[in-house]
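Colleague: For reference, the file structure_20.csv (CSV, C-alpha atoms) is included below:
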```csv
chain,number,residue,atom,x,y,z
A,19,MET,CA,11.1,-20.3,1.3
A,20,VAL,CA,8.5,-18.8,-1.1
A,21,GLY,CA,9.3,-21.3,-3.8
A,22,GLU,CA,9.0,-24.3,-1.4
A,23,ALA,CA,5.6,-23.1,-0.1
A,24,ILE,CA,4.2,-22.7,-3.6
A,25,ALA,CA,5.8,-25.9,-4.9
A,26,SER,CA,4.5,-27.9,-2.0
A,27,LYS,CA,1.0,-26.5,-2.5
A,28,LEU,CA,1.1,-27.4,-6.2
A,29,VAL,CA,2.2,-30.9,-5.4
A,30,ALA,CA,-0.6,-31.2,-2.9
A,31,LEU,CA,-3.0,-30.1,-5.7
A,32,HIS,CA,-1.6,-33.0,-7.8
A,33,TYR,CA,0.5,-31.0,-10.2
A,34,GLU,CA,3.9,-32.3,-11.3
A,35,VAL,CA,6.4,-29.7,-10.1
A,36,MET,CA,10.1,-29.0,-10.8
A,37,MET,CA,12.0,-26.8,-8.5
A,38,GLY,CA,14.6,-24.9,-10.6
A,39,SER,CA,17.8,-23.8,-9.0
A,40,ARG,CA,21.2,-22.5,-10.1
A,41,GLU,CA,22.7,-26.0,-9.7
A,42,ALA,CA,20.9,-29.2,-10.8
A,43,LYS,CA,21.6,-30.8,-7.4
A,44,SER,CA,20.9,-27.9,-5.1
A,45,PRO,CA,20.9,-29.5,-1.6
A,46,LYS,CA,17.9,-27.5,-0.5
A,47,ALA,CA,15.8,-28.3,-3.6
A,48,VAL,CA,16.8,-32.0,-3.3
A,49,ALA,CA,15.8,-32.1,0.3
A,50,TRP,CA,12.5,-30.4,-0.5
A,51,ALA,CA,11.7,-32.9,-3.3
A,52,LYS,CA,12.5,-35.9,-1.1
A,53,GLN,CA,9.8,-35.0,1.4
A,54,ALA,CA,7.3,-33.6,-1.1
A,55,GLY,CA,6.7,-36.9,-2.9
A,56,ALA,CA,6.8,-38.5,-6.3
A,57,ASN,CA,5.4,-35.5,-8.2
A,58,ALA,CA,8.3,-33.3,-6.9
A,59,HIS,CA,11.3,-32.9,-9.1
A,60,THR,CA,14.5,-30.8,-9.2
A,61,GLY,CA,16.7,-29.4,-11.9
A,62,THR,CA,18.5,-26.3,-13.2
A,63,PHE,CA,16.5,-23.2,-14.1
A,64,ALA,CA,16.8,-24.4,-17.7
A,65,ASP,CA,15.5,-27.9,-16.8
A,66,ALA,CA,12.5,-26.4,-15.0
A,67,ALA,CA,11.8,-24.1,-18.0
A,68,ALA,CA,11.8,-27.1,-20.3
A,69,PHE,CA,9.6,-29.1,-18.0
A,70,GLY,CA,6.9,-26.7,-17.1
A,71,GLU,CA,3.9,-25.1,-18.8
A,72,LEU,CA,3.4,-22.4,-16.1
A,73,PHE,CA,6.2,-20.9,-13.9
A,74,PHE,CA,6.4,-19.1,-10.6
A,75,ASN,CA,9.3,-16.7,-10.2
A,76,CYS,CA,10.3,-17.0,-6.6
A,77,THR,CA,13.8,-15.7,-6.9
A,78,HIS,CA,15.0,-12.5,-5.3
A,79,GLY,CA,13.7,-9.6,-7.3
A,80,ALA,CA,17.1,-8.2,-7.9
A,81,ALA,CA,18.3,-11.5,-9.4
A,82,SER,CA,15.1,-12.4,-11.3
A,83,VAL,CA,16.1,-11.2,-14.8
A,84,ASP,CA,19.4,-13.1,-14.6
A,85,ALA,CA,17.7,-16.3,-13.3
A,86,LEU,CA,15.1,-16.2,-16.0
A,87,ARG,CA,17.8,-15.6,-18.7
A,88,ALA,CA,19.5,-18.8,-17.3
A,89,ALA,CA,16.1,-20.5,-17.7
A,90,GLY,CA,16.1,-19.5,-21.3
A,91,GLU,CA,13.9,-17.0,-23.2
A,92,LYS,CA,12.8,-19.6,-25.8
A,93,ARG,CA,11.9,-22.2,-23.2
A,94,LEU,CA,9.7,-19.6,-21.5
A,95,ALA,CA,8.1,-18.3,-24.7
A,96,GLY,CA,4.3,-18.7,-25.0
A,97,LYS,CA,4.0,-19.8,-21.4
A,98,ILE,CA,2.7,-18.1,-18.2
A,99,LEU,CA,5.1,-16.7,-15.7
A,100,VAL,CA,3.6,-15.8,-12.3
A,101,ASP,CA,5.9,-13.2,-10.8
A,102,VAL,CA,5.8,-13.3,-7.0
A,103,ALA,CA,9.0,-11.5,-6.4
A,104,ASN,CA,9.8,-8.1,-5.0
A,105,ILE,CA,12.9,-5.9,-5.0
A,106,ILE,CA,13.6,-4.8,-1.5
A,107,PRO,CA,14.0,-1.9,-1.0
A,108,PRO,CA,11.9,-1.0,-4.0
A,109,ASP,CA,13.5,0.7,-6.9
A,110,LYS,CA,13.0,4.4,-7.3
A,111,ALA,CA,9.4,5.4,-8.2
A,112,GLY,CA,9.5,6.1,-11.8
A,113,ALA,CA,11.8,3.2,-12.4
A,114,MET,CA,10.1,0.3,-13.9
A,115,SER,CA,8.5,-2.3,-11.7
A,116,LEU,CA,10.0,-5.8,-11.6
A,117,GLY,CA,6.8,-7.2,-13.2
A,118,GLU,CA,7.1,-4.8,-16.1
A,119,GLN,CA,10.9,-5.4,-16.4
A,120,LEU,CA,10.2,-9.1,-16.8
A,121,GLN,CA,7.5,-8.6,-19.4
A,122,LYS,CA,9.9,-6.4,-21.4
A,123,ALA,CA,12.8,-8.8,-21.1
A,124,PHE,CA,10.6,-11.8,-22.0
A,125,PRO,CA,8.1,-10.4,-24.5
A,126,GLU,CA,6.8,-13.8,-25.6
A,127,THR,CA,6.1,-14.9,-22.0
A,128,LYS,CA,2.8,-14.0,-20.4
A,129,VAL,CA,3.8,-12.3,-17.1
A,130,VAL,CA,1.2,-12.2,-14.3
A,131,LYS,CA,2.2,-10.3,-11.2
A,132,THR,CA,0.4,-11.5,-8.0
A,133,LEU,CA,1.0,-12.9,-4.5
A,134,ASN,CA,3.8,-10.4,-3.9
A,135,THR,CA,1.9,-8.5,-1.2
A,136,LEU,CA,2.0,-11.1,1.6
A,137,ASN,CA,3.8,-13.8,3.4
A,138,CYS,CA,4.3,-17.2,1.7
A,139,GLU,CA,2.2,-19.2,4.2
A,140,LEU,CA,-0.8,-17.0,3.4
A,141,MET,CA,-0.1,-17.1,-0.3
A,142,VAL,CA,-0.9,-20.8,-0.4
A,143,ASP,CA,-3.4,-20.9,2.4
A,144,PRO,CA,-5.4,-17.7,2.6
A,145,GLY,CA,-8.1,-19.5,4.6
A,146,LYS,CA,-5.6,-19.6,7.5
A,147,LEU,CA,-6.5,-15.9,8.2
A,148,ALA,CA,-10.1,-14.7,8.7
A,149,GLY,CA,-11.5,-17.6,6.6
A,150,GLY,CA,-9.8,-16.1,3.6
A,151,ALA,CA,-11.7,-12.8,3.8
A,152,HIS,CA,-8.9,-10.6,2.6
A,153,THR,CA,-7.6,-9.3,-0.8
A,154,LEU,CA,-5.1,-10.3,-3.4
A,155,PHE,CA,-4.1,-8.2,-6.4
A,156,MET,CA,-3.2,-9.3,-10.0
A,157,SER,CA,-1.6,-7.5,-12.9
A,158,GLY,CA,-0.9,-8.6,-16.4
A,159,ASP,CA,-1.3,-7.9,-20.1
A,160,ASP,CA,-2.8,-11.2,-21.2
A,161,PRO,CA,-6.5,-11.8,-20.2
A,162,GLY,CA,-6.2,-15.6,-20.9
A,163,ALA,CA,-3.1,-15.9,-18.6
A,164,LYS,CA,-4.9,-13.9,-15.9
A,165,LYS,CA,-7.9,-16.2,-16.1
A,166,ARG,CA,-5.7,-19.3,-15.8
A,167,VAL,CA,-3.8,-17.8,-12.8
A,168,ARG,CA,-7.1,-16.7,-11.2
A,169,GLU,CA,-8.3,-20.3,-11.3
A,170,LEU,CA,-5.1,-21.5,-9.8
A,171,LEU,CA,-5.4,-18.9,-7.0
A,172,GLU,CA,-8.9,-19.9,-6.4
A,173,SER,CA,-7.7,-23.5,-6.0
A,174,PHE,CA,-5.3,-22.1,-3.3
A,175,GLY,CA,-8.4,-20.7,-1.5
A,176,TRP,CA,-8.4,-17.1,-2.7
A,177,LYS,CA,-11.8,-15.5,-2.9
A,178,ASP,CA,-11.1,-11.8,-3.5
A,179,VAL,CA,-8.6,-11.3,-6.3
A,180,ILE,CA,-8.7,-7.8,-7.8
A,181,ASP,CA,-7.4,-7.5,-11.3
A,182,LEU,CA,-5.8,-4.1,-11.4
A,183,GLY,CA,-5.1,-4.1,-15.1
A,184,ASP,CA,-2.1,-4.4,-17.3
A,185,ILE,CA,1.4,-5.2,-16.2
A,186,LYS,CA,2.2,-1.5,-15.5
A,187,THR,CA,-0.1,-1.8,-12.5
A,188,ALA,CA,2.5,-4.2,-10.9
A,189,ALA,CA,4.2,-1.0,-9.9
A,190,MET,CA,1.3,-0.3,-7.5
A,191,THR,CA,1.5,-3.5,-5.5
A,192,GLU,CA,5.3,-3.4,-5.5
A,193,ALA,CA,5.1,0.1,-4.1
A,194,TYR,CA,3.0,-1.2,-1.3
A,195,LEU,CA,5.8,-3.3,0.1
A,196,PRO,CA,7.3,-0.7,2.4
A,197,LEU,CA,3.9,-0.3,4.1
A,198,TRP,CA,3.7,-4.1,4.4
A,199,LEU,CA,7.1,-4.3,6.0
A,200,SER,CA,6.3,-1.5,8.4
A,201,VAL,CA,3.0,-3.1,9.5
A,202,TRP,CA,4.9,-6.4,9.9
A,203,GLN,CA,7.4,-4.7,12.2
A,204,LYS,CA,4.6,-3.1,14.1
A,205,LEU,CA,2.4,-6.2,14.6
A,206,GLY,CA,5.4,-8.5,15.2
A,207,THR,CA,3.9,-11.1,12.8
A,208,ALA,CA,3.7,-11.6,9.1
A,209,THR,CA,0.4,-13.4,9.4
A,210,PHE,CA,-1.7,-10.5,8.2
A,211,ASN,CA,-3.0,-9.1,5.0
A,212,ILE,CA,-5.1,-6.2,3.8
A,213,LYS,CA,-8.7,-6.5,2.8
A,214,VAL,CA,-10.1,-3.9,0.4
A,215,VAL,CA,-13.4,-3.0,2.2
A,216,ARG,CA,-15.9,-1.6,-0.2
B,27,MET,CA,-12.5,19.6,-0.5
B,28,VAL,CA,-10.4,17.7,2.2
B,29,GLY,CA,-10.1,20.9,4.2
B,30,GLU,CA,-13.8,21.5,4.1
B,31,ALA,CA,-14.7,18.0,5.1
B,32,ILE,CA,-12.4,18.1,8.1
B,33,ALA,CA,-13.3,21.6,9.1
B,34,SER,CA,-17.0,20.8,8.9
B,35,LYS,CA,-16.5,17.7,11.1
B,36,LEU,CA,-14.6,19.7,13.7
B,37,VAL,CA,-17.3,22.4,13.8
B,38,ALA,CA,-19.9,19.6,14.2
B,39,LEU,CA,-17.8,18.3,17.1
B,40,HIS,CA,-18.1,21.9,18.6
B,41,TYR,CA,-14.6,23.1,17.9
B,42,GLU,CA,-13.9,26.6,16.8
B,43,VAL,CA,-12.3,26.3,13.4
B,44,MET,CA,-10.5,28.8,11.1
B,45,MET,CA,-10.1,27.9,7.5
B,46,GLY,CA,-6.7,29.4,6.4
B,47,SER,CA,-6.3,30.3,2.7
B,48,ARG,CA,-3.8,32.3,0.7
B,49,GLU,CA,-6.2,35.3,0.7
B,50,ALA,CA,-8.1,36.4,3.8
B,51,LYS,CA,-11.4,36.6,1.9
B,52,SER,CA,-11.1,33.5,-0.2
B,53,PRO,CA,-14.6,33.1,-1.7
B,54,LYS,CA,-14.7,29.4,-1.2
B,55,ALA,CA,-13.6,29.6,2.4
B,56,VAL,CA,-16.1,32.4,3.1
B,57,ALA,CA,-18.9,30.3,1.4
B,58,TRP,CA,-17.9,27.4,3.6
B,59,ALA,CA,-17.9,29.4,6.8
B,60,LYS,CA,-21.3,30.9,6.0
B,61,GLN,CA,-23.0,27.6,5.9
B,62,ALA,CA,-20.9,25.9,8.6
B,63,GLY,CA,-22.2,28.2,11.4
B,64,ALA,CA,-20.9,30.5,14.1
B,65,ASN,CA,-17.9,28.4,15.1
B,66,ALA,CA,-16.5,28.6,11.5
B,67,HIS,CA,-14.0,31.4,10.7
B,68,THR,CA,-11.8,32.3,7.8
B,69,GLY,CA,-8.5,34.1,7.4
B,70,THR,CA,-5.0,33.9,5.9
B,71,PHE,CA,-2.7,31.0,6.6
B,72,ALA,CA,-1.0,33.3,9.1
B,73,ASP,CA,-4.4,34.2,10.8
B,74,ALA,CA,-5.3,30.5,11.1
B,75,ALA,CA,-1.8,29.7,12.6
B,76,ALA,CA,-2.3,32.4,15.2
B,77,PHE,CA,-5.8,31.2,15.9
B,78,GLY,CA,-5.4,27.5,16.3
B,79,GLU,CA,-3.8,25.1,18.7
B,80,LEU,CA,-3.9,22.1,16.4
B,81,PHE,CA,-3.7,22.3,12.6
B,82,PHE,CA,-4.6,20.2,9.6
B,83,ASN,CA,-2.5,20.5,6.5
B,84,CYS,CA,-5.0,20.0,3.7
B,85,THR,CA,-3.0,21.8,1.0
B,86,HIS,CA,-1.7,20.1,-2.1
B,87,GLY,CA,1.4,18.1,-1.1
B,88,ALA,CA,3.7,19.9,-3.6
B,89,ALA,CA,2.6,23.3,-2.1
B,90,SER,CA,2.6,22.4,1.6
B,91,VAL,CA,6.0,23.7,2.7
B,92,ASP,CA,5.3,27.0,1.1
B,93,ALA,CA,1.8,27.3,2.6
B,94,LEU,CA,3.1,26.5,6.0
B,95,ARG,CA,6.0,29.0,5.6
B,96,ALA,CA,3.2,31.5,4.9
B,97,ALA,CA,1.5,30.4,8.0
B,98,GLY,CA,4.7,31.2,9.9
B,99,GLU,CA,7.1,28.9,11.6
B,100,LYS,CA,6.9,30.7,15.0
B,101,ARG,CA,3.1,30.6,15.0
B,102,LEU,CA,3.2,26.8,14.5
B,103,ALA,CA,5.9,26.2,17.0
B,104,GLY,CA,5.0,23.9,20.0
B,105,LYS,CA,1.7,22.9,18.3
B,106,ILE,CA,0.4,19.8,16.5
B,107,LEU,CA,0.2,19.7,12.8
B,108,VAL,CA,-1.8,16.8,11.3
B,109,ASP,CA,-0.5,16.3,7.8
B,110,VAL,CA,-3.2,14.8,5.6
B,111,ALA,CA,-1.5,15.7,2.3
B,112,ASN,CA,0.0,13.7,-0.4
B,113,ILE,CA,2.3,14.5,-3.3
B,114,ILE,CA,0.8,13.0,-6.5
B,115,PRO,CA,2.6,11.4,-8.2
B,116,PRO,CA,4.8,10.5,-5.2
B,117,ASP,CA,8.3,11.7,-5.1
B,118,LYS,CA,11.0,9.2,-6.0
B,119,ALA,CA,11.5,6.5,-3.4
B,120,GLY,CA,14.5,7.4,-1.4
B,121,ALA,CA,13.4,11.0,-1.5
B,122,MET,CA,12.0,12.2,1.8
B,123,SER,CA,8.3,11.8,2.4
B,124,LEU,CA,6.2,14.9,2.7
B,125,GLY,CA,5.5,14.2,6.4
B,126,GLU,CA,9.2,14.0,7.1
B,127,GLN,CA,9.9,17.1,5.0
B,128,LEU,CA,7.4,19.1,7.1
B,129,GLN,CA,8.9,17.8,10.3
B,130,LYS,CA,12.4,18.9,9.2
B,131,ALA,CA,11.2,22.3,7.9
B,132,PHE,CA,9.2,23.0,11.1
B,133,PRO,CA,11.3,21.3,13.8
B,134,GLU,CA,9.4,22.9,16.7
B,135,THR,CA,6.0,21.7,15.4
B,136,LYS,CA,4.8,18.2,16.2
B,137,VAL,CA,3.9,16.6,12.9
B,138,VAL,CA,1.5,13.7,12.8
B,139,LYS,CA,0.9,12.0,9.5
B,140,THR,CA,-2.5,10.4,9.1
B,141,LEU,CA,-5.7,10.3,7.1
B,142,ASN,CA,-3.7,10.4,3.9
B,143,THR,CA,-4.7,6.9,2.7
B,144,LEU,CA,-8.4,7.5,1.9
B,145,ASN,CA,-11.1,9.7,0.6
B,146,CYS,CA,-12.1,12.7,2.6
B,147,GLU,CA,-15.7,11.6,3.2
B,148,LEU,CA,-14.4,8.5,4.9
B,149,MET,CA,-11.7,10.4,6.8
B,150,VAL,CA,-14.4,12.1,8.8
B,151,ASP,CA,-17.0,9.4,8.8
B,152,PRO,CA,-15.4,6.0,8.8
B,153,GLY,CA,-18.6,4.4,10.0
B,154,LYS,CA,-20.1,5.1,6.6
B,155,LEU,CA,-18.2,2.0,5.4
B,156,ALA,CA,-18.6,-1.5,7.0
B,157,GLY,CA,-19.5,0.1,10.3
B,158,GLY,CA,-15.9,1.5,10.6
B,159,ALA,CA,-14.3,-1.9,10.4
B,160,HIS,CA,-11.2,-0.7,8.5
B,161,THR,CA,-7.8,0.6,9.2
B,162,LEU,CA,-6.0,4.0,9.5
B,163,PHE,CA,-2.3,4.6,9.9
B,164,MET,CA,-0.5,7.2,12.0
B,165,SER,CA,3.2,8.3,12.0
B,166,GLY,CA,4.9,10.9,14.2
B,167,ASP,CA,7.8,11.6,16.5
B,168,ASP,CA,5.9,12.9,19.5
B,169,PRO,CA,4.0,10.4,21.6
B,170,GLY,CA,1.8,13.1,23.2
B,171,ALA,CA,0.8,14.6,19.9
B,172,LYS,CA,-0.1,11.1,18.6
B,173,LYS,CA,-2.2,10.4,21.7
B,174,ARG,CA,-4.1,13.7,21.1
B,175,VAL,CA,-4.6,13.0,17.4
B,176,ARG,CA,-5.7,9.4,18.2
B,177,GLU,CA,-8.4,10.8,20.5
B,178,LEU,CA,-9.5,13.2,17.8
B,179,LEU,CA,-9.6,10.4,15.3
B,180,GLU,CA,-11.7,8.3,17.7
B,181,SER,CA,-14.1,11.1,18.0
B,182,PHE,CA,-14.4,11.0,14.2
B,183,GLY,CA,-15.4,7.3,14.5
B,184,TRP,CA,-12.0,5.6,13.9
B,185,LYS,CA,-11.6,2.3,15.8
B,186,ASP,CA,-8.5,0.7,14.2
B,187,VAL,CA,-5.6,3.3,14.1
B,188,ILE,CA,-2.2,1.6,13.7
B,189,ASP,CA,0.7,3.7,15.0
B,190,LEU,CA,3.5,2.8,12.6
B,191,GLY,CA,6.2,4.7,14.5
B,192,ASP,CA,8.2,7.9,14.0
B,193,ILE,CA,7.7,10.4,11.2
B,194,LYS,CA,10.0,8.4,8.8
B,195,THR,CA,7.1,5.8,8.5
B,196,ALA,CA,5.0,8.4,6.8
B,197,ALA,CA,7.0,7.3,3.7
B,198,MET,CA,5.2,4.0,3.9
B,199,THR,CA,1.7,5.3,3.8
B,200,GLU,CA,2.6,7.9,1.1
B,201,ALA,CA,4.0,5.1,-1.0
B,202,TYR,CA,0.7,3.3,-0.8
B,203,LEU,CA,-1.0,6.0,-2.8
B,204,PRO,CA,-0.4,4.6,-6.2
B,205,LEU,CA,-2.2,1.3,-5.2
B,206,TRP,CA,-5.0,3.4,-3.7
B,207,LEU,CA,-5.4,5.3,-7.0
B,208,SER,CA,-5.3,2.1,-9.0
B,209,VAL,CA,-8.0,0.4,-6.8
B,210,TRP,CA,-10.1,3.5,-7.1
B,211,GLN,CA,-9.8,3.4,-10.9
B,212,LYS,CA,-10.7,-0.3,-10.8
B,213,LEU,CA,-13.6,-0.1,-8.4
B,214,GLY,CA,-15.0,3.1,-9.9
B,215,THR,CA,-15.6,4.5,-6.4
B,216,ALA,CA,-13.4,6.2,-3.8
B,217,THR,CA,-15.6,4.9,-1.0
B,218,PHE,CA,-13.3,2.0,0.0
B,219,ASN,CA,-10.5,1.5,2.4
B,220,ILE,CA,-8.1,-1.2,3.4
B,221,LYS,CA,-8.4,-3.2,6.6
B,222,VAL,CA,-5.4,-4.8,8.1
B,223,VAL,CA,-6.7,-8.3,8.8
B,224,ARG,CA,-4.7,-10.0,11.5
```
Translate this file's structure into structure tokens.
Modeller:
Amino acid sequence: MVGEAIASKLVALHYEVMMGSREAKSPKAVAWAKQAGANAHTGTFADAAAFGELFFNCTHGAASVDALRAAGEKRLAGKILVDVANIIPPDKAGAMSLGEQLQKAFPETKVVKTLNTLNCELMVDPGKLAGGAHTLFMSGDDPGAKKRVRELLESFGWKDVIDLGDIKTAAMTEAYLPLWLSVWQKLGTATFNIKVVR
Amino acid sequence: MVGEAIASKLVALHYEVMMGSREAKSPKAVAWAKQAGANAHTGTFADAAAFGELFFNCTHGAASVDALRAAGEKRLAGKILVDVANIIPPDKAGAMSLGEQLQKAFPETKVVKTLNTLNCELMVDPGKLAGGAHTLFMSGDDPGAKKRVRELLESFGWKDVIDLGDIKTAAMTEAYLPLWLSVWQKLGTATFNIKVVR
């Protein structure tokens, strides 16, 4: 669901996109590509890694390291990986965040953690809520990668993106997830986000 | 600092307040009471527990159970305890939140977790920031206690108080603390809060 939302947005922004899956002919991926248009492609995780210059990790957090190993460490090297995933429930505090785990497992890839604090409809269309007057967080070790990702996020409609610092700060946004889930349950809708009022 | 901010606010709202400390004549508490006026009193934790009908736990999270044991379980029984404290760094996820620990340790006391997600100046004066247009969370098992605390918070100026549910949901706001600390570090000021935009 997250992958389709982001992939569709990228196609709408005129990028060529390949949806990587465990199987080359994943029925869900094929169905998505069919309705998404000529710039939408499908393949294995390895196909997508060979195809792309920037990746979104939209796999389940608990499966992300394995999925990216299947994509291939060398194919991901030197490129940007936007890690959108969460492990639910979060690992024990003190355990390493998923964002940091990915950066350690793929040291030649530039991991940027972002978009993991809200619903996928809002990820790609923040203007849907309060004219986009709410906040997104970003963490990563590589300033150039964060600059590129910030531009991409701005093209999605994001206006307030707070760069928390290096990839270790991914732990902070991942630890916010239980509160997000609790507010979701309370409000009865996932169409909400937090704004850092300052 | 947190205790003084809340106690001063309560005195300003014409409540009689006793600041409980380990020692009856704590110099800091005595100095506070001297400038706070005739409704400000000082004593031991046990004195404060005997004096009050509603308590704020503003001790360090790691010391809270011991401080409240010193206050006396029987003296706290049947009364409301507003738990403002945090354990920094937070305990391991999966470990029990401080709010829930206090409710278990003092089963006859009505624990309400709130105000633990922001700086003490904003706790007692939310209008200082964006006219009070930001969010506070509340957790607790007793609906009557939460109603009473909500009224008190509204008298502080709070307009958007989200009741997340029972005391187990205190874990969610306590887990937000690392993100709060990270944003504080990034912004260089503690005068901020989050607003749940919906």
Colleague: Please provide the set of residues having any atom within 6 Å of region 146-163 of chain A, restricted to all atoms listed in the file, with same-chain residues fewer than 4 positions apart removed, written as a PDB file with C-alpha atoms, in the coordinates of the input.
Modeller:
```
ATOM      1  CA  VAL A 130       1.200 -12.200 -14.300  1.00  0.00           C
ATOM      2  CA  LYS A 131       2.200 -10.300 -11.200  1.00  0.00           C
ATOM      3  CA  THR A 132       0.400 -11.500  -8.000  1.00  0.00           C
ATOM      4  CA  ASP A 178     -11.100 -11.800  -3.500  1.00  0.00           C
ATOM      5  CA  VAL A 179      -8.600 -11.300  -6.300  1.00  0.00           C
ATOM      6  CA  ILE A 180      -8.700  -7.800  -7.800  1.00  0.00           C
ATOM      7  CA  ASP A 181      -7.400  -7.500 -11.300  1.00  0.00           C
ATOM      8  CA  LEU A 182      -5.800  -4.100 -11.400  1.00  0.00           C
ATOM      9  CA  GLY A 183      -5.100  -4.100 -15.100  1.00  0.00           C
ATOM     10  CA  ASP A 184      -2.100  -4.400 -17.300  1.00  0.00           C
ATOM     11  CA  ILE A 185       1.400  -5.200 -16.200  1.00  0.00           C
ATOM     12  CA  THR A 187      -0.100  -1.800 -12.500  1.00  0.00           C
ATOM     13  CA  ALA A 188       2.500  -4.200 -10.900  1.00  0.00           C
ATOM     14  CA  ILE A 212      -5.100  -6.200   3.800  1.00  0.00           C
ATOM     15  CA  LYS A 213      -8.700  -6.500   2.800  1.00  0.00           C
TER      16      LYS A 213
END
```
Colleague: Choose the residue, out of B:His86, B:Arg176, B:His40, B:Lys212, that has the smallest atom-to-atom separation from chain A; count all atoms listed in the file.
Modeller: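 Nearest to chain A: B:Lys212.
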Colleague: For the atom pair CA of Phe182 (chain B) and CA of Leu148 (chain B), what is the interatomic distance in Å to one decimal place?
Modeller: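 So the two atoms, CA of Phe182 (chain B) and CA of Leu148 (chain B), lie 9.6 Å apart.
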Colleague: Any idea what the distance is between CA of Trp206 (chain B) and CA of Thr143 (chain B)?
Modeller: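 So the two atoms, CA of Trp206 (chain B) and CA of Thr143 (chain B), lie 7.3 Å apart.
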Colleague: What is the CA of Thr70 (chain B) to CA of Phe82 (chain B) distance in Å?
Modeller: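 According to the coordinates, CA of Thr70 (chain B) and CA of Phe82 (chain B) are separated by 14.2 Å.
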Colleague: Could the residues of chain B within 7 Å of chain A, counting all atoms listed in the file, be given as a list of chain:residue names, please?
Modeller: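 In the required form, that comes to B:Lys118, B:Ala119, B:Gly120, B:Leu190, B:Met198, B:Thr199, B:Ala201, B:Tyr202, B:Pro204, B:Leu205, B:Ser208, B:Val209, B:Lys212, B:Thr217, B:Phe218, B:Asn219, B:Ile220, B:Lys221, B:Val222, B:Val223, B:Arg224.
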Colleague: Keeping only C-alpha atoms, write the selected residues to a file as an mmCIF file, in the frame of the given file.
Modeller:
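Generated file (again.cif):
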```cif
data_model
loop_
_atom_site.group_PDB
_atom_site.id
_atom_site.type_symbol
_atom_site.label_atom_id
_atom_site.label_comp_id
_atom_site.auth_asym_id
_atom_site.auth_seq_id
_atom_site.Cartn_x
_atom_site.Cartn_y
_atom_site.Cartn_z
ATOM 1 C CA LYS B 118 11.000 9.200 -6.000
ATOM 2 C CA ALA B 119 11.500 6.500 -3.400
ATOM 3 C CA GLY B 120 14.500 7.400 -1.400
ATOM 4 C CA LEU B 190 3.500 2.800 12.600
ATOM 5 C CA MET B 198 5.200 4.000 3.900
ATOM 6 C CA THR B 199 1.700 5.300 3.800
ATOM 7 C CA ALA B 201 4.000 5.100 -1.000
ATOM 8 C CA TYR B 202 0.700 3.300 -0.800
ATOM 9 C CA PRO B 204 -0.400 4.600 -6.200
ATOM 10 C CA LEU B 205 -2.200 1.300 -5.200
ATOM 11 C CA SER B 208 -5.300 2.100 -9.000
ATOM 12 C CA VAL B 209 -8.000 0.400 -6.800
ATOM 13 C CA LYS B 212 -10.700 -0.300 -10.800
ATOM 14 C CA THR B 217 -15.600 4.900 -1.000
ATOM 15 C CA PHE B 218 -13.300 2.000 0.000
ATOM 16 C CA ASN B 219 -10.500 1.500 2.400
ATOM 17 C CA ILE B 220 -8.100 -1.200 3.400
ATOM 18 C CA LYS B 221 -8.400 -3.200 6.600
ATOM 19 C CA VAL B 222 -5.400 -4.800 8.100
ATOM 20 C CA VAL B 223 -6.700 -8.300 8.800
ATOM 21 C CA ARG B 224 -4.700 -10.000 11.500
#
```
Colleague: Considering all atoms listed in the file, state which residue in the set B:Ile106, B:Met149, B:Leu124, B:Val91 is at the smallest distance from Lys173 (chain B).
Modeller: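 Closest to Lys173 (chain B) of all the choices is B:Ile106.
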Colleague: Residues near Ala30 (chain A), anyone? I mean within 12 Å using all atoms listed in the file, not counting same-chain ones fewer than 2 positions away, as number ranges by chain.
Modeller: A: 22-28, 32-35, 53-58, 142-143, 173-174
Colleague: Compare A:Gln119, A:Asn134, A:Thr127, A:Ser44 by their minimum atom-to-atom distance to Val102 (chain A), counting all atoms listed in the file, and give me the closest one.
Modeller: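 Among the listed residues, the smallest separation from Val102 (chain A) belongs to A:Asn134.
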Colleague: Considering all atoms listed in the file, state which residue in the set A:His59, A:Ala64, A:Ala47, A:Ile105 is at the smallest distance from Ala80 (chain A).
Modeller: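 The shortest atom-to-atom distance to Ala80 (chain A) comes from A:Ile105.
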Colleague: Kindly indicate which residue among B:Arg95, B:Lys100, B:Lys185, B:Lys172 lies nearest to Phe71 (chain B), using all atoms listed in the file for the distances.
Modeller: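 The answer is B:Arg95, which sits nearest to Phe71 (chain B).
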